[in-house]
Protein chains: 2
Amino acid sequence: MSVADKSERRAARSAETSSGYPAPNAFAMERLTTPVRIAAALREQIAKGALPPGTRLHEVEFTAAFGVSRHTLREAITLLVGEGLLTRVSFKGVEVTRLSAEDVRDIYAARRLIELPAVEALRDAPPERLSALLAKIDDLVALPATVDSQTMNQADVAVHLALVAVHGSNRISAAYAALIAEQHILLFSGYNADDVAATIENHAVFGSLLRKGDDLAARVQLERRLKRAEDELVRACRPLIER
Amino acid sequence: MSVADKSERRAARSAETSSGYPAPNAFAMERLTTPVRIAAALREQIAKGALPPGTRLHEVEFTAAFGVSRHTLREAITLLVGEGLLTRVSFKGVEVTRLSAEDVRDIYAARRLIELPAVEALRDAPPERLSALLAKIDDLVALPATVDSQTMNQADVAVHLALVAVHGSNRISAAYAALIAEQHILLFSGYNADDVAATIENHAVFGSLLRKGDDLAARVQLERRLKRAEDELVRACRPLIER
DNA sequence: GGTTGTTGGATTGTTGCACAATCTTTTCAG
DNA sequence: CTGAAAAGATTGTGCAACAATCCAACAACC
């Protein structure tokens, strides 16, 4: 799945800070607890559209499907509720969060707040962050026009994560990743063939602007791209409202 | 406690969007589930310094203390781990997150990214957001110099939340509140008498600058204030590292 | 003496079942 | 047809048990 798992992110962060626990060295492989794995599976299902917005999650059904206890499943659900992917109402049930048009605009307001200053922050950031970003852009641009939407999506997300990483704040990156995951609730259809070409072209332009050091133009182009994506998502979530 | 409860925030958000569930009317009082209440209690304990960073949370002890089942407590812990207030290591235990100096800088990078543009956004925002912000500032300025640090802290947080609300994004506000809660792990000592006078003075200046419409000066003053607070917190967390 | 298994106790992760609290649907009286 | 009451279904919480893992003490070896 395209978006980093939240617990993994958390663990990665505490590993590089003083977590207090002895030596989380590189060989201490991450032991994933069962609820975390189930949450990851559900997250992937939601991201790929197998569980469209509004889908009810029946506890006993899903316990059978995953072969785990009800407690364990409930904990996995709690994780996803915290991320905003699921919505829980007491004694009524859990469903895949329905994003309203207002939610989409909310998400994009947050994305703009994080992404646009990231372009400007490139100037003062360590140069390896720029090269990391350019590498991700090149990866995307190198994709063939026949690529499937899933792969395209992952490459796109990788670019934006690299951009946000320019800020150099793990918490900003984590918050941003949460936004992306939430918006992916609506990305079931993904890119169609036309979008693939356009996206590649846009990223190529974006990359060349960054290489030229024309941050302002890059920022403007990114802003326009975000605006278009927002409008498209708003349109996409409209038909889901009256379910 | 000064920072809004995360689940409450989440619930409030879904209430104002198309949650799909019938009639979340104003009288449907929020039924708080047990883990949410326990998480709130723990959060408050952490914020007031009763549980300093590095404190181990022994499951059976705490189940007895709260009079709840072990699973219920574990779910409460999961909530707080998701917020970053607690750190869990498999089969070893849970402890109150130890914030390193790097963490503090990380938090303040995120705070700057959110707060500073909020000052500029005041120009285009609905006027009631400015008045709401000014009201919170006036509340703080009106506090007597003898006020206790707890109250002072709450008033301060209220100001900053009102400032961030200028963005008009629930997700931005939620992310910001999470940052504040996390930083409160270190705020056990709170403001001392000297700080109280300085804080009141600073906010008075900030308010008058905003009333004059001098956003730029207000932004500069806020930036300086954030920088000082960051340095102070870095100093405060130093002695906690080698525990 | 210092290092390396080994062992037992302590703590967490997970399960299963039970029951209470609440919502939803059906039934039935008027 | 309307509205209240009962039945059924689903979620919230508790209790007890076992499995997996960590930790500290101890024994064995060089």
# chains A, B, ... in the order shown; residues from 1 in each chain; ligands from 1
>>> select_by_dssp(residues="range 41-176 of chain A", states="strand (DSSP E)", output="CSV table (one decimal) with C-alpha atoms, in the first residue's frame")
chain,number,residue,atom,x,y,z
A,56,ARG,CA,-20.6,-1.3,7.4
A,57,LEU,CA,-18.1,-3.4,9.3
A,86,LEU,CA,-13.4,4.5,10.0
A,87,THR,CA,-16.3,6.1,11.8
A,88,ARG,CA,-17.7,4.5,14.9
A,89,VAL,CA,-21.0,5.3,16.5
A,93,GLY,CA,-21.6,0.2,14.4
A,94,VAL,CA,-18.5,1.1,12.3
A,95,GLU,CA,-18.4,2.1,8.7
A,96,VAL,CA,-15.9,3.4,6.3
>>> residues_around(residues="range 25-29 of chain D", least_positions_apart="2", cutoff="12 Å", atoms="only C-alpha atoms (C1' of nucleotides)", output="list in words")
DG2, DT3, DT4, DG5, DT6, DT7, DG8 and DG9 of chain C; DC23 of chain D
>>> write_last_selection(atoms="N, CA and C atoms (P, O5', C5', C4', C3', O3' and C1' of nucleotides)", output="CSV table (one decimal), in the first residue's frame")
chain,number,residue,atom,x,y,z
C,2,DG,P,35.3,-9.5,36.7
C,2,DG,O5',34.9,-10.1,35.3
C,2,DG,C5',35.9,-10.3,34.3
C,2,DG,C4',35.4,-11.2,33.2
C,2,DG,C3',34.0,-10.7,32.7
C,2,DG,O3',34.1,-10.6,31.2
C,2,DG,C1',34.0,-13.0,33.2
C,3,DT,P,32.9,-10.0,30.4
C,3,DT,O5',32.3,-11.3,29.6
C,3,DT,C5',33.2,-12.2,29.0
C,3,DT,C4',32.6,-13.5,28.7
C,3,DT,C3',31.2,-13.4,28.0
C,3,DT,O3',31.2,-14.1,26.8
C,3,DT,C1',31.1,-14.9,29.8
C,4,DT,P,30.0,-14.0,25.7
C,4,DT,O5',29.2,-15.4,26.0
C,4,DT,C5',29.9,-16.6,25.8
C,4,DT,C4',29.0,-17.7,26.4
C,4,DT,C3',27.6,-17.8,25.8
C,4,DT,O3',27.3,-19.1,25.4
C,4,DT,C1',27.5,-17.9,28.2
C,5,DG,P,26.1,-19.5,24.5
C,5,DG,O5',24.9,-19.5,25.5
C,5,DG,C5',23.8,-20.4,25.2
C,5,DG,C4',23.8,-21.6,26.2
C,5,DG,C3',22.4,-22.1,26.5
C,5,DG,O3',22.5,-23.5,26.8
C,5,DG,C1',23.3,-21.0,28.4
C,6,DT,P,21.3,-24.5,26.7
C,6,DT,O5',20.5,-24.2,28.1
C,6,DT,C5',21.3,-24.3,29.3
C,6,DT,C4',20.4,-24.0,30.5
C,6,DT,C3',18.9,-24.1,30.2
C,6,DT,O3',18.3,-24.9,31.3
C,6,DT,C1',19.3,-22.0,31.2
C,7,DT,P,16.8,-25.6,31.1
C,7,DT,O5',16.2,-25.1,32.5
C,7,DT,C5',17.0,-24.7,33.6
C,7,DT,C4',16.3,-23.7,34.4
C,7,DT,C3',14.8,-23.8,34.4
C,7,DT,O3',14.2,-23.8,35.7
C,7,DT,C1',15.5,-21.6,34.0
C,8,DG,P,12.8,-24.5,35.9
C,8,DG,O5',12.0,-23.4,36.7
C,8,DG,C5',12.7,-22.7,37.8
C,8,DG,C4',12.2,-21.3,37.8
C,8,DG,C3',10.7,-21.1,37.8
C,8,DG,O3',10.3,-20.5,39.0
C,8,DG,C1',11.7,-19.6,36.2
C,9,DG,P,8.7,-20.3,39.3
C,9,DG,O5',8.5,-18.7,39.2
C,9,DG,C5',9.5,-17.8,39.9
C,9,DG,C4',9.3,-16.4,39.4
C,9,DG,C3',7.9,-15.9,39.4
C,9,DG,O3',7.9,-14.6,39.9
C,9,DG,C1',8.8,-15.7,37.2
D,23,DC,P,13.3,-6.7,28.4
D,23,DC,O5',13.5,-7.2,29.9
D,23,DC,C5',12.5,-7.2,30.9
D,23,DC,C4',12.9,-7.9,32.1
D,23,DC,C3',14.4,-7.8,32.5
D,23,DC,O3',14.5,-7.5,33.9
D,23,DC,C1',13.8,-10.1,32.4
>>> atom_distance(atom1="C1' of DA7 in chain D", atom2="C1' of DC28 in chain C")
12.4 Å
>>> select_by_dssp(residues="range 88-199 of chain B", states="alpha helix (DSSP H)", output="CSV table (one decimal) with N, CA and C atoms, in the first residue's frame")
chain,number,residue,atom,x,y,z
B,101,ALA,N,15.1,16.6,22.8
B,101,ALA,CA,15.2,17.9,22.3
B,101,ALA,C,14.8,18.0,20.9
B,102,GLU,N,15.1,16.9,20.2
B,102,GLU,CA,14.8,16.9,18.7
B,102,GLU,C,13.3,16.8,18.6
B,103,ASP,N,12.6,16.1,19.4
B,103,ASP,CA,11.2,16.1,19.4
B,103,ASP,C,10.6,17.5,19.6
B,104,VAL,N,11.1,18.2,20.5
B,104,VAL,CA,10.6,19.5,20.8
B,104,VAL,C,10.8,20.4,19.5
B,105,ARG,N,11.9,20.3,18.9
B,105,ARG,CA,12.2,21.1,17.7
B,105,ARG,C,11.2,20.7,16.6
B,106,ASP,N,11.0,19.4,16.5
B,106,ASP,CA,10.0,18.8,15.6
B,106,ASP,C,8.7,19.4,15.8
B,107,ILE,N,8.2,19.4,17.0
B,107,ILE,CA,6.9,19.9,17.4
B,107,ILE,C,6.8,21.4,17.0
B,108,TYR,N,7.9,22.1,17.3
B,108,TYR,CA,7.8,23.6,17.0
B,108,TYR,C,7.9,23.9,15.6
B,109,ALA,N,8.6,23.1,14.8
B,109,ALA,CA,8.6,23.3,13.4
B,109,ALA,C,7.2,23.2,12.8
B,110,ALA,N,6.4,22.2,13.4
B,110,ALA,CA,5.1,22.0,12.9
B,110,ALA,C,4.2,23.1,13.4
B,111,ARG,N,4.4,23.6,14.6
B,111,ARG,CA,3.6,24.7,15.2
B,111,ARG,C,3.8,25.9,14.3
B,112,ARG,N,5.1,26.2,14.0
B,112,ARG,CA,5.4,27.4,13.2
B,112,ARG,C,4.7,27.3,11.8
B,113,LEU,N,4.7,26.1,11.2
B,113,LEU,CA,4.1,25.9,9.9
B,113,LEU,C,2.6,26.2,10.0
B,114,ILE,N,2.0,25.9,11.1
B,114,ILE,CA,0.5,26.1,11.2
B,114,ILE,C,0.2,27.5,11.7
B,115,GLU,N,0.9,28.0,12.7
B,115,GLU,CA,0.5,29.2,13.4
B,115,GLU,C,0.9,30.5,12.6
B,116,LEU,N,2.1,30.5,12.0
B,116,LEU,CA,2.5,31.7,11.3
B,116,LEU,C,1.6,32.1,10.1
B,117,PRO,N,1.3,31.1,9.3
B,117,PRO,CA,0.4,31.5,8.2
B,117,PRO,C,-1.0,31.8,8.6
B,118,ALA,N,-1.3,31.4,9.8
B,118,ALA,CA,-2.7,31.7,10.4
B,118,ALA,C,-2.8,33.2,10.6
B,119,VAL,N,-1.7,33.8,11.0
B,119,VAL,CA,-1.8,35.3,11.2
B,119,VAL,C,-2.1,36.0,9.8
B,120,GLU,N,-1.4,35.5,8.8
B,120,GLU,CA,-1.6,36.1,7.5
B,120,GLU,C,-3.0,35.8,7.0
B,121,ALA,N,-3.5,34.6,7.3
B,121,ALA,CA,-4.8,34.2,6.8
B,121,ALA,C,-5.9,35.0,7.4
B,127,PRO,N,-14.6,37.6,9.4
B,127,PRO,CA,-14.3,38.5,10.5
B,127,PRO,C,-14.6,37.9,11.9
B,128,GLU,N,-15.5,37.0,12.0
B,128,GLU,CA,-15.8,36.5,13.3
B,128,GLU,C,-14.7,35.6,13.8
B,129,ARG,N,-13.8,35.1,13.0
B,129,ARG,CA,-12.7,34.4,13.5
B,129,ARG,C,-11.7,35.3,14.1
B,130,LEU,N,-11.6,36.5,13.6
B,130,LEU,CA,-10.7,37.5,14.2
B,130,LEU,C,-11.3,37.9,15.6
B,131,SER,N,-12.6,38.1,15.6
B,131,SER,CA,-13.2,38.5,16.9
B,131,SER,C,-13.1,37.4,17.9
B,132,ALA,N,-13.2,36.2,17.5
B,132,ALA,CA,-13.1,35.1,18.4
B,132,ALA,C,-11.7,35.0,19.0
B,133,LEU,N,-10.7,35.2,18.1
B,133,LEU,CA,-9.3,35.2,18.5
B,133,LEU,C,-9.1,36.4,19.5
B,134,LEU,N,-9.6,37.5,19.2
B,134,LEU,CA,-9.4,38.7,20.1
B,134,LEU,C,-10.0,38.5,21.4
B,135,ALA,N,-11.2,37.8,21.4
B,135,ALA,CA,-11.9,37.5,22.6
B,135,ALA,C,-11.0,36.7,23.5
B,136,LYS,N,-10.4,35.6,23.0
B,136,LYS,CA,-9.6,34.7,23.8
B,136,LYS,C,-8.3,35.5,24.3
B,137,ILE,N,-7.8,36.4,23.4
B,137,ILE,CA,-6.7,37.2,23.9
B,137,ILE,C,-7.1,38.1,25.1
B,138,ASP,N,-8.2,38.7,24.9
B,138,ASP,CA,-8.7,39.6,26.0
B,138,ASP,C,-8.9,38.8,27.3
B,139,ASP,N,-9.4,37.6,27.1
B,139,ASP,CA,-9.6,36.7,28.3
B,139,ASP,C,-8.3,36.5,29.0
B,140,LEU,N,-7.2,36.2,28.3
B,140,LEU,CA,-5.9,36.0,28.9
B,140,LEU,C,-5.4,37.3,29.5
B,141,VAL,N,-5.5,38.4,28.8
B,141,VAL,CA,-4.9,39.6,29.3
B,141,VAL,C,-5.6,40.0,30.6
B,149,SER,N,-0.6,28.6,37.3
B,149,SER,CA,-0.1,28.3,36.0
B,149,SER,C,-1.1,27.4,35.2
B,150,GLN,N,-1.8,26.6,35.9
B,150,GLN,CA,-2.8,25.8,35.2
B,150,GLN,C,-3.8,26.6,34.4
B,151,THR,N,-4.4,27.6,35.0
B,151,THR,CA,-5.3,28.5,34.4
B,151,THR,C,-4.7,29.3,33.3
B,152,MET,N,-3.5,29.8,33.6
B,152,MET,CA,-2.8,30.5,32.6
B,152,MET,C,-2.5,29.7,31.3
B,153,ASN,N,-2.1,28.5,31.6
B,153,ASN,CA,-1.9,27.6,30.5
B,153,ASN,C,-3.1,27.4,29.6
B,154,GLN,N,-4.2,27.1,30.3
B,154,GLN,CA,-5.5,27.0,29.5
B,154,GLN,C,-5.8,28.2,28.7
B,155,ALA,N,-5.7,29.3,29.2
B,155,ALA,CA,-6.0,30.6,28.5
B,155,ALA,C,-5.0,30.7,27.3
B,156,ASP,N,-3.8,30.4,27.5
B,156,ASP,CA,-2.8,30.4,26.4
B,156,ASP,C,-3.2,29.5,25.3
B,157,VAL,N,-3.5,28.2,25.7
B,157,VAL,CA,-3.9,27.3,24.7
B,157,VAL,C,-5.1,27.7,23.9
B,158,ALA,N,-6.0,28.3,24.6
B,158,ALA,CA,-7.3,28.8,24.0
B,158,ALA,C,-7.0,29.8,22.9
B,159,VAL,N,-6.0,30.7,23.2
B,159,VAL,CA,-5.6,31.7,22.3
B,159,VAL,C,-5.1,31.1,21.0
B,160,HIS,N,-4.2,30.1,21.2
B,160,HIS,CA,-3.5,29.5,20.1
B,160,HIS,C,-4.5,28.7,19.2
B,161,LEU,N,-5.4,28.0,19.9
B,161,LEU,CA,-6.4,27.3,19.2
B,161,LEU,C,-7.3,28.2,18.4
B,162,ALA,N,-7.6,29.3,18.9
B,162,ALA,CA,-8.4,30.3,18.2
B,162,ALA,C,-7.7,30.8,17.0
B,163,LEU,N,-6.4,31.0,17.2
B,163,LEU,CA,-5.6,31.5,16.1
B,163,LEU,C,-5.5,30.5,14.9
B,164,VAL,N,-5.3,29.2,15.3
B,164,VAL,CA,-5.2,28.1,14.3
B,164,VAL,C,-6.5,27.9,13.6
B,170,ASN,N,-10.9,21.8,10.1
B,170,ASN,CA,-11.0,21.0,11.3
B,170,ASN,C,-9.7,20.1,11.4
B,171,ARG,N,-9.2,19.6,10.3
B,171,ARG,CA,-8.1,18.7,10.4
B,171,ARG,C,-6.8,19.4,10.9
B,172,ILE,N,-6.7,20.7,10.4
B,172,ILE,CA,-5.5,21.4,10.8
B,172,ILE,C,-5.6,21.7,12.3
B,173,SER,N,-6.8,22.1,12.8
B,173,SER,CA,-7.0,22.3,14.2
B,173,SER,C,-6.8,21.1,15.0
B,174,ALA,N,-7.2,19.9,14.5
B,174,ALA,CA,-7.0,18.7,15.2
B,174,ALA,C,-5.6,18.3,15.3
B,175,ALA,N,-4.9,18.5,14.2
B,175,ALA,CA,-3.4,18.2,14.2
B,175,ALA,C,-2.7,19.1,15.2
B,176,TYR,N,-3.1,20.3,15.2
B,176,TYR,CA,-2.5,21.3,16.1
B,176,TYR,C,-2.7,20.9,17.5
B,177,ALA,N,-4.0,20.6,17.8
B,177,ALA,CA,-4.3,20.2,19.2
B,177,ALA,C,-3.5,19.0,19.7
B,178,ALA,N,-3.2,18.1,18.7
B,178,ALA,CA,-2.4,17.0,19.1
B,178,ALA,C,-1.0,17.4,19.4
B,179,LEU,N,-0.5,18.3,18.7
B,179,LEU,CA,0.9,18.9,19.0
B,179,LEU,C,0.9,19.5,20.3
B,180,ILE,N,-0.1,20.3,20.7
B,180,ILE,CA,-0.1,20.9,22.0
B,180,ILE,C,-0.2,19.9,23.1
B,181,ALA,N,-1.0,18.9,22.9
B,181,ALA,CA,-1.1,17.8,23.9
B,181,ALA,C,0.2,17.1,24.1
B,182,GLU,N,0.9,16.9,23.0
B,182,GLU,CA,2.2,16.2,23.1
B,182,GLU,C,3.2,17.1,23.9
B,183,GLN,N,3.2,18.3,23.5
B,183,GLN,CA,4.2,19.2,24.2
B,183,GLN,C,3.9,19.4,25.7
B,193,ALA,N,5.8,32.7,38.2
B,193,ALA,CA,5.3,34.0,38.4
B,193,ALA,C,5.8,35.0,37.3
B,194,ASP,N,7.1,34.9,37.1
B,194,ASP,CA,7.7,35.9,36.1
B,194,ASP,C,7.0,35.7,34.8
B,195,ASP,N,6.9,34.4,34.3
B,195,ASP,CA,6.4,34.2,33.0
B,195,ASP,C,4.9,34.8,32.9
B,196,VAL,N,4.2,34.7,34.0
B,196,VAL,CA,2.8,35.1,33.9
B,196,VAL,C,2.7,36.6,33.4
B,197,ALA,N,3.5,37.4,34.1
B,197,ALA,CA,3.5,38.8,33.7
B,197,ALA,C,3.9,39.0,32.3
B,198,ALA,N,5.0,38.3,31.9
B,198,ALA,CA,5.5,38.5,30.5
B,198,ALA,C,4.5,38.0,29.5
B,199,THR,N,3.9,36.8,29.8
B,199,THR,CA,2.9,36.3,28.9
B,199,THR,C,1.7,37.2,28.7
>>> interface_residues(of="chain A", to="chain C", cutoff="12 Å", atoms="only C-alpha atoms (C1' of nucleotides)", output="PyMOL selection string")
chain A and resi 31-35+63+67-73+75+89-93
>>> write_last_selection(atoms="C-alpha atoms", output="short mmCIF file (atom, residue, chain, number, x, y, z; two decimals), in the first residue's frame")
data_model
loop_
_atom_site.label_atom_id
_atom_site.label_comp_id
_atom_site.auth_asym_id
_atom_site.auth_seq_id
_atom_site.Cartn_x
_atom_site.Cartn_y
_atom_site.Cartn_z
CA ARG A 31 7.42 -7.24 15.52
CA LEU A 32 4.00 -6.29 14.25
CA THR A 33 1.20 -6.92 16.66
CA THR A 34 -1.96 -8.54 15.34
CA PRO A 35 -4.25 -5.49 15.50
CA THR A 63 -13.60 -11.64 13.14
CA GLY A 67 -9.62 -15.42 12.12
CA VAL A 68 -9.03 -13.31 15.19
CA SER A 69 -10.82 -12.56 18.39
CA ARG A 70 -13.39 -9.84 18.66
CA HIS A 71 -11.20 -7.86 21.05
CA THR A 72 -8.33 -7.89 18.61
CA LEU A 73 -10.49 -6.78 15.73
CA GLU A 75 -8.51 -2.74 18.62
CA VAL A 89 -20.99 5.32 16.55
CA SER A 90 -21.68 3.79 19.93
CA PHE A 91 -23.83 0.68 19.86
CA LYS A 92 -24.60 1.24 16.21
CA GLY A 93 -21.55 0.19 14.35
#
>>> interface_residues(of="chain D", to="chain A", cutoff="9 Å", atoms="only C-alpha atoms (C1' of nucleotides)", output="PyMOL selection string")
chain D and resi 10-12
>>> atom_distance(atom1="CA of Thr55 in chain A", atom2="CA of Cys237 in chain A")
14.6 Å
>>> atom_distance(atom1="CA of Ala47 in chain A", atom2="CA of His184 in chain A")
5.3 Å
>>> closest_residue(among="B:Glu83, B:Glu44, B:Asp215, B:Glu61", to="chain A", atoms="only C-alpha atoms")
B:Glu83
>>> decode(residues="range 52-81 of chain B", atoms="C-alpha atoms", output="short mmCIF file (atom, residue, chain, number, x, y, z; two decimals), in the first residue's frame")
data_model
loop_
_atom_site.label_atom_id
_atom_site.label_comp_id
_atom_site.auth_asym_id
_atom_site.auth_seq_id
_atom_site.Cartn_x
_atom_site.Cartn_y
_atom_site.Cartn_z
CA PRO B 52 6.09 12.47 34.17
CA PRO B 53 7.82 11.27 30.98
CA GLY B 54 9.15 7.76 31.28
CA THR B 55 6.54 6.62 33.80
CA ARG B 56 5.73 2.97 33.25
CA LEU B 57 2.05 2.07 33.06
CA HIS B 58 1.56 -1.32 34.61
CA GLU B 59 -1.59 -2.84 33.16
CA VAL B 60 -2.94 -4.72 36.15
CA GLU B 61 -2.20 -1.84 38.48
CA PHE B 62 -4.07 0.60 36.32
CA THR B 63 -6.99 -1.73 35.72
CA ALA B 64 -7.39 -1.83 39.48
CA ALA B 65 -6.99 1.93 39.77
CA PHE B 66 -9.69 2.63 37.20
CA GLY B 67 -11.85 -0.34 38.05
CA VAL B 68 -12.13 -1.52 34.49
CA SER B 69 -11.26 -4.59 32.52
CA ARG B 70 -7.80 -5.09 31.19
CA HIS B 71 -8.99 -4.96 27.63
CA THR B 72 -10.77 -1.67 28.18
CA LEU B 73 -7.65 -0.15 29.65
CA ARG B 74 -5.59 -1.48 26.77
CA GLU B 75 -7.93 0.23 24.33
CA ALA B 76 -7.54 3.50 26.21
CA ILE B 77 -3.79 3.06 26.02
CA THR B 78 -4.04 2.40 22.29
CA LEU B 79 -5.81 5.72 21.88
CA LEU B 80 -3.07 7.60 23.68
CA VAL B 81 -0.34 5.75 21.81
#
